[in-house]
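All remarks here apply to the structure that follows.
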Amino acid sequence: MPSDVEEPDDLGAGNPVDLAAMRVAYAVQESNSPVPELNLDVATVADGWLPLLQRWIDQARAAGTSEPNAMVLATVDEGGRPASRTVLCKGLSEEGLVFYTNYGSNKGRQLERFPYASATFAWTEFAHQVTVRGEVSRVPGEVTDAYWRTRPRGSQLGAWASDQSAPIESRSALDAQLAEITERFAELPEVPRPPGWGGFLLRPNTVEFWQGRANRMHNRVIVTRGDDGWSARRLQP
């Protein structure tokens with residue numbers, strides 16, 4: 001997408017970057033757009049939220065986006081303060097979004113205490129964004145086990161080696177933990193799943209789709225779960 005800001009010639013010269021002047025002028029349709037134009041409207045999600053979210057993820061993947069399934073997950077800590085980090089969506093269905101973590105990590109403990117979260121996908125190169133909000137619960141153990149078997153062995157060992165979110169004195173100490181775990185399981189053809197590691201399901205109550213348009217007159221459509229099913233309405237930008 002074209003930018004209406006000229007890049008400075010000497011970014012490494014110590015000159016401050018004018019953040020207030022940085023913006024992208026979203027075009028209605030660009031001839032070199034990597035995805036076809038979709039004029040997002042209420043009718044676009046007439047079949048529900050899932051088909052459009054799947055389509056946008058697929059478009060990002062086909063265009064070579066790095067980690068098109070990355071999403072910023074926001075939780076609430078024990079003091080009622082928001083906490084966010086990027087995780088990977090590893091499951092997508094009518095039930096919701098699935099992601100995996102150490103249940104003893106900061107996000108794991110926060111979700112156990114306050115089982116509600118917000119997750120945002122952002123594909124800035126397409127001017128697409130989706131925010132999913134809803135209740136969170138652990139997935140069944142057999143679902144976690146099935147996913148665990150698809151993980152590379154190195155990732156499995158890393159899940160054992162890291163006491164996620166706990167302090168550690170140095171990188172060398174962390175590497176030593178991995179070396180010890182690698183040796184422990186060296187003779188096993190398959191690494192077992194750690195007992196405190198597993199998946200969460202985020203069940204959507206609302207799904208908001210955002211599409212950048214010219215003059216900041218963006219398209220925003222929110223899909224909301226009600227007693228009679230899903231309904232959609234347009235929001236002002």
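Letters A, B, ... go to the chains of the structure tokens in the order shown; residues in each chain start at 1; ligands are counted from 1 in the same order.
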
Report as a tab-separated table: every residue of range 47-84 of chain A with an atom at most 7 Å from range 115-132 of chain A, its closest pair of atoms, and their distance in Å to one decimal, counting only C-alpha atoms, with rows sorted by chain and ascending residue number.
residue	atom	partner	partner_atom	distance
A:Ala70	CA	A:Phe121	CA	6.5
A:Met71	CA	A:Phe121	CA	4.5
A:Val72	CA	A:Thr120	CA	5.1
A:Leu73	CA	A:Ala119	CA	4.4
A:Ala74	CA	A:Ser118	CA	5.1
A:Thr75	CA	A:Ala117	CA	5.1

Dump as a PDB file, in the first residue's frame, selection limited to all heavy atoms:
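Output contents, as saved in result-v1.pdb:
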ATOM      1  N   ALA A  70      -0.945 -15.767  13.281  1.00  0.00           N
ATOM      2  CA  ALA A  70      -0.557 -15.075  14.515  1.00  0.00           C
ATOM      3  C   ALA A  70      -1.673 -14.142  14.963  1.00  0.00           C
ATOM      4  O   ALA A  70      -2.313 -13.469  14.145  1.00  0.00           O
ATOM      5  CB  ALA A  70       0.733 -14.289  14.299  1.00  0.00           C
ATOM      6  N   MET A  71      -1.889 -14.093  16.284  1.00  0.00           N
ATOM      7  CA  MET A  71      -2.910 -13.199  16.826  1.00  0.00           C
ATOM      8  C   MET A  71      -2.426 -12.645  18.166  1.00  0.00           C
ATOM      9  O   MET A  71      -1.708 -13.322  18.902  1.00  0.00           O
ATOM     10  CB  MET A  71      -4.246 -13.929  16.993  1.00  0.00           C
ATOM     11  CG  MET A  71      -4.208 -15.137  17.916  1.00  0.00           C
ATOM     12  SD  MET A  71      -5.786 -16.043  17.910  1.00  0.00           S
ATOM     13  CE  MET A  71      -5.503 -17.205  19.267  1.00  0.00           C
ATOM     14  N   VAL A  72      -2.799 -11.418  18.442  1.00  0.00           N
ATOM     15  CA  VAL A  72      -2.465 -10.791  19.716  1.00  0.00           C
ATOM     16  C   VAL A  72      -3.555 -11.158  20.713  1.00  0.00           C
ATOM     17  O   VAL A  72      -4.717 -10.787  20.536  1.00  0.00           O
ATOM     18  CB  VAL A  72      -2.335  -9.268  19.583  1.00  0.00           C
ATOM     19  CG1 VAL A  72      -2.056  -8.637  20.948  1.00  0.00           C
ATOM     20  CG2 VAL A  72      -1.224  -8.907  18.603  1.00  0.00           C
ATOM     21  N   LEU A  73      -3.161 -11.896  21.746  1.00  0.00           N
ATOM     22  CA  LEU A  73      -4.100 -12.378  22.758  1.00  0.00           C
ATOM     23  C   LEU A  73      -4.039 -11.470  23.977  1.00  0.00           C
ATOM     24  O   LEU A  73      -2.977 -11.270  24.561  1.00  0.00           O
ATOM     25  CB  LEU A  73      -3.752 -13.809  23.153  1.00  0.00           C
ATOM     26  CG  LEU A  73      -4.623 -14.438  24.237  1.00  0.00           C
ATOM     27  CD1 LEU A  73      -5.997 -14.787  23.669  1.00  0.00           C
ATOM     28  CD2 LEU A  73      -3.951 -15.682  24.826  1.00  0.00           C
ATOM     29  N   ALA A  74      -5.179 -10.922  24.353  1.00  0.00           N
ATOM     30  CA  ALA A  74      -5.260 -10.046  25.519  1.00  0.00           C
ATOM     31  C   ALA A  74      -6.031 -10.737  26.636  1.00  0.00           C
ATOM     32  O   ALA A  74      -7.111 -11.291  26.416  1.00  0.00           O
ATOM     33  CB  ALA A  74      -5.944  -8.729  25.158  1.00  0.00           C
ATOM     34  N   THR A  75      -5.452 -10.707  27.834  1.00  0.00           N
ATOM     35  CA  THR A  75      -6.072 -11.269  29.032  1.00  0.00           C
ATOM     36  C   THR A  75      -6.086 -10.197  30.114  1.00  0.00           C
ATOM     37  O   THR A  75      -5.635  -9.073  29.904  1.00  0.00           O
ATOM     38  CB  THR A  75      -5.290 -12.508  29.508  1.00  0.00           C
ATOM     39  OG1 THR A  75      -3.914 -12.132  29.721  1.00  0.00           O
ATOM     40  CG2 THR A  75      -5.333 -13.619  28.468  1.00  0.00           C
TER      41      THR A  75
END

Determine, counting only C-alpha atoms, which protein, DNA and RNA residues have an atom within 10 Å of an atom of Glu95 in chain A; residues of the same chain fewer than 5 positions away are not included. Present the result as a list of chain:residue names.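 So, after excluding close chain neighbours, the residues are A:Leu50, A:Leu201, A:Leu202, A:Arg203, A:Pro204.
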
Enumerate the residues of range 123-168 of chain A with a DSSP assignment of strand (DSSP E), computed from the backbone, and present them as a tab-separated table (two decimals) with all heavy atoms, in the first residue's frame.
chain	number	residue	atom	x	y	z
A	123	TRP	N	-3.47	-8.22	9.43
A	123	TRP	CA	-2.70	-8.39	8.20
A	123	TRP	C	-2.60	-7.01	7.55
A	123	TRP	O	-3.42	-6.64	6.70
A	123	TRP	CB	-3.40	-9.39	7.28
A	123	TRP	CG	-3.68	-10.70	7.96
A	123	TRP	CD1	-2.79	-11.72	8.21
A	123	TRP	CD2	-4.93	-11.15	8.49
A	123	TRP	NE1	-3.41	-12.76	8.85
A	123	TRP	CE2	-4.73	-12.45	9.04
A	123	TRP	CE3	-6.22	-10.59	8.54
A	123	TRP	CZ2	-5.75	-13.18	9.63
A	123	TRP	CZ3	-7.23	-11.31	9.15
A	123	TRP	CH2	-7.00	-12.59	9.68
A	128	HIS	N	-6.50	-5.62	6.56
A	128	HIS	CA	-7.50	-6.48	7.17
A	128	HIS	C	-7.16	-6.69	8.65
A	128	HIS	O	-6.00	-6.86	9.01
A	128	HIS	CB	-7.51	-7.86	6.51
A	128	HIS	CG	-8.11	-7.89	5.15
A	128	HIS	ND1	-8.02	-8.99	4.31
A	128	HIS	CD2	-8.82	-6.96	4.46
A	128	HIS	CE1	-8.64	-8.73	3.18
A	128	HIS	NE2	-9.14	-7.51	3.25
A	129	GLN	N	-8.20	-6.68	9.48
A	129	GLN	CA	-8.04	-6.96	10.90
A	129	GLN	C	-9.30	-7.63	11.41
A	129	GLN	O	-10.41	-7.29	10.99
A	129	GLN	CB	-7.78	-5.67	11.67
A	129	GLN	CG	-7.62	-5.85	13.17
A	129	GLN	CD	-7.24	-4.54	13.85
A	129	GLN	OE1	-6.11	-4.10	13.80
A	129	GLN	NE2	-8.21	-3.91	14.49
A	130	VAL	N	-9.13	-8.61	12.30
A	130	VAL	CA	-10.27	-9.29	12.91
A	130	VAL	C	-10.02	-9.41	14.40
A	130	VAL	O	-8.94	-9.85	14.82
A	130	VAL	CB	-10.48	-10.70	12.31
A	130	VAL	CG1	-11.69	-11.37	12.96
A	130	VAL	CG2	-10.66	-10.63	10.79
A	131	THR	N	-11.00	-9.04	15.21
A	131	THR	CA	-10.90	-9.17	16.66
A	131	THR	C	-12.01	-10.08	17.16
A	131	THR	O	-13.19	-9.86	16.88
A	131	THR	CB	-11.01	-7.79	17.35
A	131	THR	OG1	-9.92	-6.97	16.94
A	131	THR	CG2	-10.97	-7.95	18.87
A	132	VAL	N	-11.61	-11.11	17.89
A	132	VAL	CA	-12.54	-12.10	18.44
A	132	VAL	C	-12.52	-11.97	19.96
A	132	VAL	O	-11.46	-11.98	20.58
A	132	VAL	CB	-12.11	-13.53	18.04
A	132	VAL	CG1	-13.10	-14.56	18.59
A	132	VAL	CG2	-12.00	-13.65	16.52
A	133	ARG	N	-13.70	-11.87	20.56
A	133	ARG	CA	-13.81	-11.76	22.02
A	133	ARG	C	-14.78	-12.82	22.53
A	133	ARG	O	-15.81	-13.06	21.90
A	133	ARG	CB	-14.31	-10.37	22.44
A	133	ARG	CG	-13.45	-9.22	21.95
A	133	ARG	CD	-14.03	-7.88	22.41
A	133	ARG	NE	-13.27	-6.76	21.89
A	133	ARG	CZ	-13.53	-6.15	20.73
A	133	ARG	NH1	-14.54	-6.57	19.99
A	133	ARG	NH2	-12.79	-5.13	20.32
A	134	GLY	N	-14.44	-13.41	23.67
A	134	GLY	CA	-15.35	-14.41	24.22
A	134	GLY	C	-14.77	-15.15	25.40
A	134	GLY	O	-13.68	-14.83	25.89
A	135	GLU	N	-15.51	-16.14	25.84
A	135	GLU	CA	-15.11	-16.95	26.99
A	135	GLU	C	-14.07	-17.99	26.58
A	135	GLU	O	-14.03	-18.44	25.44
A	135	GLU	CB	-16.34	-17.64	27.59
A	135	GLU	CG	-17.37	-16.65	28.13
A	135	GLU	CD	-18.63	-17.35	28.62
A	135	GLU	OE1	-18.71	-18.58	28.47
A	135	GLU	OE2	-19.52	-16.65	29.13
A	136	VAL	N	-13.24	-18.36	27.55
A	136	VAL	CA	-12.13	-19.28	27.29
A	136	VAL	C	-12.24	-20.48	28.23
A	136	VAL	O	-12.57	-20.34	29.41
A	136	VAL	CB	-10.78	-18.58	27.49
A	136	VAL	CG1	-9.62	-19.55	27.30
A	136	VAL	CG2	-10.64	-17.41	26.51
A	137	SER	N	-11.94	-21.66	27.70
A	137	SER	CA	-11.90	-22.87	28.52
A	137	SER	C	-10.83	-23.80	27.97
A	137	SER	O	-10.41	-23.68	26.82
A	137	SER	CB	-13.26	-23.58	28.52
A	137	SER	OG	-13.63	-23.95	27.20
A	138	ARG	N	-10.36	-24.73	28.82
A	138	ARG	CA	-9.38	-25.70	28.35
A	138	ARG	C	-10.01	-26.66	27.34
A	138	ARG	O	-11.18	-27.01	27.46
A	138	ARG	CB	-8.84	-26.52	29.52
A	138	ARG	CG	-7.97	-25.74	30.49
A	138	ARG	CD	-7.28	-26.72	31.44
A	138	ARG	NE	-6.49	-26.02	32.47
A	138	ARG	CZ	-5.62	-26.62	33.26
A	138	ARG	NH1	-5.44	-27.95	33.16
A	138	ARG	NH2	-4.94	-25.93	34.16

Quick check for you: according to DSSP on this backbone, which residues of range 66-115 of chain A are classed as helix (DSSP H, G or I)? Reply as a ChimeraX atom specification. /A:106-113

CA of Val87 in chain A to CA of Thr150 in chain A: how many Å, to one decimal?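 Atom-to-atom, CA of Val87 in chain A and CA of Thr150 in chain A are spaced 17.3 Å apart.
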
Pairwise distance for CA of Gln110 in chain A and CA of Val76 in chain A, rounded to one decimal in Å: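 Taking CA of Gln110 in chain A and CA of Val76 in chain A, their separation equals 6.2 Å.
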
Which residues come within 7 Å of range 215-230 of chain A, counting only C-alpha atoms, excluding same-chain residues fewer than 6 positions away, as a PyMOL selection string? chain A and resi 40-42+49+205-209+236-237

Just C-alpha atoms for this one: save the residues we selected as a PDB file, in the first residue's frame.
ATOM      1  CA  LEU A  40     -16.869  -5.505   3.506  1.00  0.00           C
ATOM      2  CA  ASP A  41     -20.515  -5.127   4.467  1.00  0.00           C
ATOM      3  CA  VAL A  42     -23.094  -6.839   6.672  1.00  0.00           C
ATOM      4  CA  TRP A  49     -18.113 -15.169  10.928  1.00  0.00           C
ATOM      5  CA  ASN A 205     -19.255 -13.804  21.650  1.00  0.00           C
ATOM      6  CA  THR A 206     -18.342 -11.097  19.139  1.00  0.00           C
ATOM      7  CA  VAL A 207     -16.212 -11.104  15.995  1.00  0.00           C
ATOM      8  CA  GLU A 208     -15.348  -7.727  14.488  1.00  0.00           C
ATOM      9  CA  PHE A 209     -14.014  -7.410  10.935  1.00  0.00           C
ATOM     10  CA  GLN A 236     -18.743   3.683  12.206  1.00  0.00           C
ATOM     11  CA  PRO A 237     -14.973   3.886  11.833  1.00  0.00           C
TER      12      PRO A 237
END

Can you tell me, as a list in words, what residues are no more than 12 Å from Arg61 in chain A when counting only C-alpha atoms, ignoring any on the same chain fewer than 4 positions away? Pro34, Val35, Gln54, Arg55, Trp56, Ile57, Thr65, Ser66, Glu67, Pro68, Asn69, Ala70, Trp123 and Phe126 of chain A

Serialized selection, N, CA and C atoms, as an mmCIF file, in the first residue's frame:
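Produced file selection.cif, reproduced below:
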data_model
loop_
_atom_site.group_PDB
_atom_site.id
_atom_site.type_symbol
_atom_site.label_atom_id
_atom_site.label_comp_id
_atom_site.auth_asym_id
_atom_site.auth_seq_id
_atom_site.Cartn_x
_atom_site.Cartn_y
_atom_site.Cartn_z
ATOM 1 N N PRO A 34 -2.481 -7.911 -3.444
ATOM 2 C CA PRO A 34 -2.280 -9.362 -3.441
ATOM 3 C C PRO A 34 -3.566 -10.154 -3.225
ATOM 4 N N VAL A 35 -4.648 -9.476 -2.847
ATOM 5 C CA VAL A 35 -5.925 -10.166 -2.660
ATOM 6 C C VAL A 35 -7.013 -9.389 -3.386
ATOM 7 N N GLN A 54 -11.653 -17.472 7.809
ATOM 8 C CA GLN A 54 -10.855 -18.488 7.123
ATOM 9 C C GLN A 54 -10.312 -17.961 5.795
ATOM 10 N N ARG A 55 -11.152 -17.229 5.062
ATOM 11 C CA ARG A 55 -10.736 -16.700 3.767
ATOM 12 C C ARG A 55 -9.581 -15.721 3.932
ATOM 13 N N TRP A 56 -9.679 -14.835 4.918
ATOM 14 C CA TRP A 56 -8.620 -13.843 5.105
ATOM 15 C C TRP A 56 -7.310 -14.502 5.545
ATOM 16 N N ILE A 57 -7.394 -15.526 6.388
ATOM 17 C CA ILE A 57 -6.180 -16.245 6.773
ATOM 18 C C ILE A 57 -5.582 -16.947 5.551
ATOM 19 N N THR A 65 2.522 -14.308 3.659
ATOM 20 C CA THR A 65 2.626 -13.617 4.939
ATOM 21 C C THR A 65 3.295 -14.513 5.976
ATOM 22 N N SER A 66 4.230 -13.946 6.723
ATOM 23 C CA SER A 66 4.886 -14.705 7.781
ATOM 24 C C SER A 66 3.904 -14.924 8.930
ATOM 25 N N GLU A 67 3.667 -16.176 9.266
ATOM 26 C CA GLU A 67 2.758 -16.555 10.346
ATOM 27 C C GLU A 67 1.389 -15.874 10.218
ATOM 28 N N PRO A 68 0.641 -16.211 9.166
ATOM 29 C CA PRO A 68 -0.685 -15.600 8.978
ATOM 30 C C PRO A 68 -1.672 -15.956 10.071
ATOM 31 N N ASN A 69 -1.362 -16.981 10.881
ATOM 32 C CA ASN A 69 -2.245 -17.373 11.979
ATOM 33 C C ASN A 69 -1.843 -16.740 13.305
ATOM 34 N N ALA A 70 -0.945 -15.767 13.281
ATOM 35 C CA ALA A 70 -0.557 -15.075 14.515
ATOM 36 C C ALA A 70 -1.673 -14.142 14.963
ATOM 37 N N TRP A 123 -3.469 -8.218 9.430
ATOM 38 C CA TRP A 123 -2.700 -8.392 8.198
ATOM 39 C C TRP A 123 -2.604 -7.014 7.549
ATOM 40 N N PHE A 126 -2.743 -6.114 3.797
ATOM 41 C CA PHE A 126 -4.037 -6.195 3.118
ATOM 42 C C PHE A 126 -5.058 -5.234 3.705
#

So, with only C-alpha atoms as the atoms that count, which of A:Met22, A:Glu142, A:Arg234, A:Gly96 lies closest to Thr44 in chain A? A:Arg234

For CA of Ala161 in chain A and CA of Gly108 in chain A, the interatomic separation in Å (one decimal):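 Going from CA of Ala161 in chain A over to CA of Gly108 in chain A covers 17.1 Å.
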
Selection: 10 Å around range 164-166 of chain A, only C-alpha atoms, excl. self and same-chain fewer than 2 positions, as a list in words: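 The residues satisfying every condition are Thr101, Asn102, Tyr103, Gly104, Ser105, Asn106, Lys107, Gly108, Gly158, Ala159, Trp160, Ala161, Ser162 and Ile168 of chain A.
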
Polymer residues at most 9 Å from Asp145 in chain A, only C-alpha atoms, same-chain spacing of 4 or more positions, as a PDB file with N, CA, C and O atoms, in the first residue's frame:
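Okay, part-v9.pdb is ready:
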ATOM      1  N   PRO A 140     -10.247 -30.466  25.654  1.00  0.00           N
ATOM      2  CA  PRO A 140     -10.069 -31.808  26.215  1.00  0.00           C
ATOM      3  C   PRO A 140      -8.644 -32.317  26.011  1.00  0.00           C
ATOM      4  O   PRO A 140      -7.970 -31.959  25.041  1.00  0.00           O
ATOM      5  N   GLY A 141      -8.201 -33.172  26.922  1.00  0.00           N
ATOM      6  CA  GLY A 141      -6.846 -33.695  26.858  1.00  0.00           C
ATOM      7  C   GLY A 141      -6.535 -34.403  25.559  1.00  0.00           C
ATOM      8  O   GLY A 141      -5.421 -34.310  25.032  1.00  0.00           O
ATOM      9  N   ARG A 149       1.318 -34.368  19.147  1.00  0.00           N
ATOM     10  CA  ARG A 149       2.018 -35.324  18.289  1.00  0.00           C
ATOM     11  C   ARG A 149       2.448 -34.709  16.965  1.00  0.00           C
ATOM     12  O   ARG A 149       3.322 -35.254  16.289  1.00  0.00           O
ATOM     13  N   ARG A 193       3.758 -35.588  26.456  1.00  0.00           N
ATOM     14  CA  ARG A 193       3.290 -34.221  26.695  1.00  0.00           C
ATOM     15  C   ARG A 193       3.463 -33.857  28.159  1.00  0.00           C
ATOM     16  O   ARG A 193       3.092 -34.637  29.040  1.00  0.00           O
ATOM     17  N   GLY A 198      -1.097 -27.415  27.519  1.00  0.00           N
ATOM     18  CA  GLY A 198      -2.299 -27.798  26.788  1.00  0.00           C
ATOM     19  C   GLY A 198      -2.947 -26.639  26.066  1.00  0.00           C
ATOM     20  O   GLY A 198      -2.394 -25.537  25.964  1.00  0.00           O
TER      21      GLY A 198
END

Among A:Arg184, A:Arg171, A:Arg109, A:Arg85, Leu157 in chain A is approached most closely, using only C-alpha atoms, by A:Arg184

Report as number ranges by chain all protein, DNA and RNA residues lying within 12 Å of Arg151 in chain A, evaluated on only C-alpha atoms, omitting residues in the same chain fewer than 3 positions from it. A: 90, 100, 144-148, 154-159, 190-193

Expected file: the selected residues, N, CA, C and O atoms, as a PDB file, in the first residue's frame:
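File part-v4.pdb, as written:
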ATOM      1  N   LYS A  90      -4.034 -22.301  16.461  1.00  0.00           N
ATOM      2  CA  LYS A  90      -3.755 -23.643  15.976  1.00  0.00           C
ATOM      3  C   LYS A  90      -5.014 -24.455  15.704  1.00  0.00           C
ATOM      4  O   LYS A  90      -4.933 -25.645  15.392  1.00  0.00           O
ATOM      5  N   TYR A 100      -2.317 -22.951  22.189  1.00  0.00           N
ATOM      6  CA  TYR A 100      -1.686 -23.822  23.179  1.00  0.00           C
ATOM      7  C   TYR A 100      -0.646 -23.055  23.985  1.00  0.00           C
ATOM      8  O   TYR A 100      -0.017 -22.115  23.484  1.00  0.00           O
ATOM      9  N   THR A 144      -5.533 -31.892  22.914  1.00  0.00           N
ATOM     10  CA  THR A 144      -4.156 -31.458  23.122  1.00  0.00           C
ATOM     11  C   THR A 144      -3.174 -32.545  22.709  1.00  0.00           C
ATOM     12  O   THR A 144      -2.152 -32.272  22.061  1.00  0.00           O
ATOM     13  N   ASP A 145      -3.459 -33.789  23.058  1.00  0.00           N
ATOM     14  CA  ASP A 145      -2.570 -34.888  22.712  1.00  0.00           C
ATOM     15  C   ASP A 145      -2.410 -35.018  21.198  1.00  0.00           C
ATOM     16  O   ASP A 145      -1.304 -35.264  20.692  1.00  0.00           O
ATOM     17  N   ALA A 146      -3.510 -34.865  20.468  1.00  0.00           N
ATOM     18  CA  ALA A 146      -3.449 -34.980  19.009  1.00  0.00           C
ATOM     19  C   ALA A 146      -2.572 -33.883  18.418  1.00  0.00           C
ATOM     20  O   ALA A 146      -1.781 -34.129  17.493  1.00  0.00           O
ATOM     21  N   TYR A 147      -2.723 -32.662  18.942  1.00  0.00           N
ATOM     22  CA  TYR A 147      -1.880 -31.582  18.442  1.00  0.00           C
ATOM     23  C   TYR A 147      -0.421 -31.774  18.855  1.00  0.00           C
ATOM     24  O   TYR A 147       0.500 -31.542  18.067  1.00  0.00           O
ATOM     25  N   TRP A 148      -0.204 -32.220  20.094  1.00  0.00           N
ATOM     26  CA  TRP A 148       1.163 -32.422  20.592  1.00  0.00           C
ATOM     27  C   TRP A 148       1.968 -33.348  19.672  1.00  0.00           C
ATOM     28  O   TRP A 148       3.149 -33.095  19.415  1.00  0.00           O
ATOM     29  N   GLY A 154      11.929 -30.761  18.637  1.00  0.00           N
ATOM     30  CA  GLY A 154      12.579 -29.641  19.314  1.00  0.00           C
ATOM     31  C   GLY A 154      11.597 -28.779  20.082  1.00  0.00           C
ATOM     32  O   GLY A 154      11.894 -28.324  21.194  1.00  0.00           O
ATOM     33  N   SER A 155      10.425 -28.553  19.507  1.00  0.00           N
ATOM     34  CA  SER A 155       9.407 -27.763  20.192  1.00  0.00           C
ATOM     35  C   SER A 155       8.862 -28.515  21.396  1.00  0.00           C
ATOM     36  O   SER A 155       8.546 -27.916  22.429  1.00  0.00           O
ATOM     37  N   GLN A 156       8.738 -29.826  21.274  1.00  0.00           N
ATOM     38  CA  GLN A 156       8.290 -30.632  22.411  1.00  0.00           C
ATOM     39  C   GLN A 156       9.293 -30.554  23.562  1.00  0.00           C
ATOM     40  O   GLN A 156       8.912 -30.374  24.724  1.00  0.00           O
ATOM     41  N   LEU A 157      10.578 -30.663  23.233  1.00  0.00           N
ATOM     42  CA  LEU A 157      11.601 -30.571  24.268  1.00  0.00           C
ATOM     43  C   LEU A 157      11.612 -29.185  24.909  1.00  0.00           C
ATOM     44  O   LEU A 157      11.781 -29.042  26.122  1.00  0.00           O
ATOM     45  N   GLY A 158      11.409 -28.162  24.086  1.00  0.00           N
ATOM     46  CA  GLY A 158      11.373 -26.800  24.617  1.00  0.00           C
ATOM     47  C   GLY A 158      10.241 -26.582  25.593  1.00  0.00           C
ATOM     48  O   GLY A 158      10.373 -25.853  26.574  1.00  0.00           O
ATOM     49  N   ALA A 159       9.088 -27.232  25.324  1.00  0.00           N
ATOM     50  CA  ALA A 159       7.951 -27.112  26.236  1.00  0.00           C
ATOM     51  C   ALA A 159       8.278 -27.711  27.599  1.00  0.00           C
ATOM     52  O   ALA A 159       7.801 -27.227  28.637  1.00  0.00           O
ATOM     53  N   GLU A 190       9.323 -41.081  21.223  1.00  0.00           N
ATOM     54  CA  GLU A 190       8.351 -39.998  21.261  1.00  0.00           C
ATOM     55  C   GLU A 190       8.437 -39.277  22.604  1.00  0.00           C
ATOM     56  O   GLU A 190       8.547 -39.930  23.652  1.00  0.00           O
ATOM     57  N   VAL A 191       8.382 -37.965  22.565  1.00  0.00           N
ATOM     58  CA  VAL A 191       8.426 -37.164  23.790  1.00  0.00           C
ATOM     59  C   VAL A 191       7.010 -37.050  24.348  1.00  0.00           C
ATOM     60  O   VAL A 191       6.091 -36.616  23.631  1.00  0.00           O
ATOM     61  N   PRO A 192       6.772 -37.418  25.591  1.00  0.00           N
ATOM     62  CA  PRO A 192       5.425 -37.300  26.158  1.00  0.00           C
ATOM     63  C   PRO A 192       5.045 -35.832  26.365  1.00  0.00           C
ATOM     64  O   PRO A 192       5.911 -34.959  26.449  1.00  0.00           O
ATOM     65  N   ARG A 193       3.758 -35.588  26.456  1.00  0.00           N
ATOM     66  CA  ARG A 193       3.290 -34.221  26.695  1.00  0.00           C
ATOM     67  C   ARG A 193       3.463 -33.857  28.159  1.00  0.00           C
ATOM     68  O   ARG A 193       3.092 -34.637  29.040  1.00  0.00           O
TER      69      ARG A 193
END
